[in-house]
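Trainee: Structure incoming, see below.
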There are 2 protein chains.
Amino acid sequence: MTPDQLDSVFSALADPTRRAILARLTEGDANVAELAAPFSMSQPAISRHLKVLEQAGLISRHRRATARLSHLEADPLREATDWLAKYQAYWDESYERLDQLLAKLESHPPSTDNN
Amino acid sequence: MTPDQLDSVFSALADPTRRAILARLTEGDANVAELAAPFSMSQPAISRHLKVLEQAGLISRHRRATARLSHLEADPLREATDWLAKYQAYWDESYERLDQLLAKLESHPPSTDNN
């Protein structure tokens, strides 16, 4: 995946409607009307979101009879996760520091005033 | 993390300079001049990127003597990864289908024409 593709994927994910569309597509392929149903949004607005998702490679679109169905393509999400995974050491580290602090507090609790 | 925060995190990650800044900060805190050095970009341009990263919670900024240092805050990256992890089943599934196809091709190779 090129930096440009990673830009498109993260940019496509930076919208709650587009993330909700991807979540819906985990249940199966759907047409624009089905995808628009849960939102107070017009079909053309949903179509614009689908175009962004398609350009990022996150969905593909195919015809079944007269319906144009969207299909989840999860592979770019794997690439995005691979990029994020490099940072896991850093958030693990901050939890480790927190654990150490908690352990320290447990072995030497701050003196409490019983008045 | 609220949907709005997830929007800001993914949006902040949708830029190669900002991703490179985060990568640089894994090596330690840095000031604007140090962060600007690898890019053909002015310090004000880098400062604007830092502001986006700070608003997304991906960096914090603190003063050491006269220097204003940026520090990586990896926690929002964990949240973004958690969101993406829900889709792991779907990319695993597509690899499984590919594996099955390859196994099928190996046990029943397509007939080749030896002419």
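Convention: chains lettered A, B, ... in structure tokens order; per-chain residue numbering from 1; ligands numbered from 1 as shown.
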Quick one: residues within 10 Å of region 29-36 of chain A, only C-alpha atoms counted, chain neighbours fewer than 6 positions away excluded, as a list in words?
Mentor: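 Residues meeting the cut-off are Thr17, Ala20, Ile21, Leu22, Ser42, Gln43, Pro44, Ala45, Ile46, Ser47, Leu50, Ile59, Ser60, Arg61, His62, Arg63, Arg64, Ala67, Arg68, Leu69, Ser70, His71 and Leu72 of chain A.
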Trainee: Mind writing the picked residues with C-alpha atoms as a compact mmCIF listing (two decimals), in the first residue's frame?
Mentor:
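This is the output file again23.txt:
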```txt
# COMPACT_ATOMS: atom_id res chain seq x y z
CA THR A 17 -21.51 7.56 8.45
CA ALA A 20 -21.38 2.81 10.01
CA ILE A 21 -21.74 1.79 6.35
CA LEU A 22 -18.70 -0.50 6.68
CA SER A 42 -30.65 11.20 1.13
CA GLN A 43 -29.59 8.38 -1.20
CA PRO A 44 -27.37 10.80 -3.19
CA ALA A 45 -25.56 11.74 0.05
CA ILE A 46 -25.04 8.03 0.81
CA SER A 47 -23.86 7.51 -2.79
CA LEU A 50 -19.94 5.07 -1.13
CA ILE A 59 -15.83 -1.43 -0.85
CA SER A 60 -16.39 -2.82 -4.30
CA ARG A 61 -19.64 -2.50 -6.21
CA HIS A 62 -21.32 -5.07 -8.40
CA ARG A 63 -24.69 -5.60 -10.04
CA ARG A 64 -27.16 -8.33 -9.13
CA ALA A 67 -29.58 -3.78 -7.92
CA ARG A 68 -26.16 -2.22 -7.50
CA LEU A 69 -24.69 -3.82 -4.40
CA SER A 70 -21.81 -2.66 -2.22
CA HIS A 71 -19.42 -5.26 -0.85
CA LEU A 72 -16.96 -4.81 2.03
```
Trainee: Taking the DSSP assignment computed from this structure's backbone, write out as a list in words all residues of chain A that belong to strand (DSSP E or B).
Mentor: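 Across chain A, those assigned strand (DSSP E or B) are Ala30, Ile59, Ser60, Arg61, His62, Arg63, Arg64, Ala67, Arg68, Leu69, Ser70, His71 and Leu72 of chain A.
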Trainee: Select from chain B every residue with an atom at most 12 Å from any atom of chain A, then for each give the shortest pair of atoms and their distance in Å to one decimal, using only C-alpha atoms, rows by chain and rising number, as a Markdown table.
Mentor:
```
| residue | atom | partner | partner_atom | distance |
| --- | --- | --- | --- | --- |
| B:Thr2 | CA | A:Pro16 | CA | 10.1 |
| B:Pro3 | CA | A:Pro16 | CA | 6.3 |
| B:Asp4 | CA | A:Pro16 | CA | 7.9 |
| B:Gln5 | CA | A:Ala14 | CA | 9.4 |
| B:Leu6 | CA | A:Ala14 | CA | 6.9 |
| B:Asp7 | CA | A:Ala14 | CA | 4.2 |
| B:Ser8 | CA | A:Ala14 | CA | 6.7 |
| B:Val9 | CA | A:Ala14 | CA | 7.5 |
| B:Phe10 | CA | A:Ala14 | CA | 4.9 |
| B:Ser11 | CA | A:Ala14 | CA | 5.1 |
| B:Ala12 | CA | A:Phe10 | CA | 8.3 |
| B:Leu13 | CA | A:Phe10 | CA | 6.1 |
| B:Ala14 | CA | A:Asp7 | CA | 4.2 |
| B:Asp15 | CA | A:Asp7 | CA | 5.6 |
| B:Pro16 | CA | A:Pro3 | CA | 6.3 |
| B:Thr17 | CA | A:Pro3 | CA | 10.0 |
| B:Arg18 | CA | A:Asp7 | CA | 10.5 |
| B:Arg19 | CA | A:Trp83 | CA | 9.5 |
| B:Ala20 | CA | A:Pro3 | CA | 10.5 |
| B:Leu22 | CA | A:Tyr87 | CA | 9.1 |
| B:Ala23 | CA | A:Tyr87 | CA | 8.4 |
| B:Arg24 | CA | A:Tyr87 | CA | 11.5 |
| B:Leu25 | CA | A:Tyr90 | CA | 10.4 |
| B:Thr26 | CA | A:Tyr90 | CA | 7.6 |
| B:Glu27 | CA | A:Tyr90 | CA | 10.5 |
| B:Gly28 | CA | A:Tyr90 | CA | 11.1 |
| B:Ala56 | CA | A:Ala14 | CA | 11.5 |
| B:Leu58 | CA | A:Trp91 | CA | 11.2 |
| B:His71 | CA | A:Tyr90 | CA | 11.4 |
| B:Leu72 | CA | A:Tyr90 | CA | 8.4 |
| B:Glu73 | CA | A:Trp91 | CA | 7.8 |
| B:Ala74 | CA | A:Trp91 | CA | 5.1 |
| B:Asp75 | CA | A:Trp91 | CA | 5.5 |
| B:Pro76 | CA | A:Trp91 | CA | 8.9 |
| B:Leu77 | CA | A:Leu84 | CA | 6.6 |
| B:Arg78 | CA | A:Trp91 | CA | 6.8 |
| B:Glu79 | CA | A:Trp91 | CA | 10.2 |
| B:Ala80 | CA | A:Leu84 | CA | 8.1 |
| B:Thr81 | CA | A:Thr81 | CA | 6.1 |
| B:Asp82 | CA | A:Thr81 | CA | 9.2 |
| B:Trp83 | CA | A:Arg19 | CA | 9.5 |
| B:Leu84 | CA | A:Thr81 | CA | 6.5 |
| B:Ala85 | CA | A:Thr81 | CA | 7.6 |
| B:Lys86 | CA | A:Ala23 | CA | 8.9 |
| B:Tyr87 | CA | A:Ala74 | CA | 6.7 |
| B:Gln88 | CA | A:Arg78 | CA | 7.1 |
| B:Ala89 | CA | A:Ala74 | CA | 9.0 |
| B:Tyr90 | CA | A:Ala74 | CA | 5.9 |
| B:Trp91 | CA | A:Ala74 | CA | 5.1 |
| B:Asp92 | CA | A:Ala74 | CA | 8.9 |
| B:Glu93 | CA | A:Ala74 | CA | 9.4 |
| B:Ser94 | CA | A:Ala74 | CA | 8.2 |
| B:Tyr95 | CA | A:Asp75 | CA | 9.3 |
```
Trainee: Mind pulling up the distance from CA of Gln55 (chain A) to CA of Glu54 (chain B)?
Mentor: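 Straight-line distance from CA of Glu54 (chain B) to CA of Gln55 (chain A) works out to 28.2 Å.
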Trainee: I need the residues in chain A that are helix (DSSP H, G or I) according to DSSP; give them as number ranges by chain.
Mentor: A: 3-13, 16-25, 32-36, 43-55, 75-85, 88-107
Trainee: Can you tell me how far CA of Met41 (chain A) sits from CA of Leu53 (chain A), in Å to one decimal?
Mentor: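 The value is 16.7 Å.
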Trainee: Just to confirm, what's the straight-line distance from CA of Pro38 (chain B) to CA of Val52 (chain B) in Å (one decimal)?
Mentor: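 These two atoms are separated by 18.9 Å.
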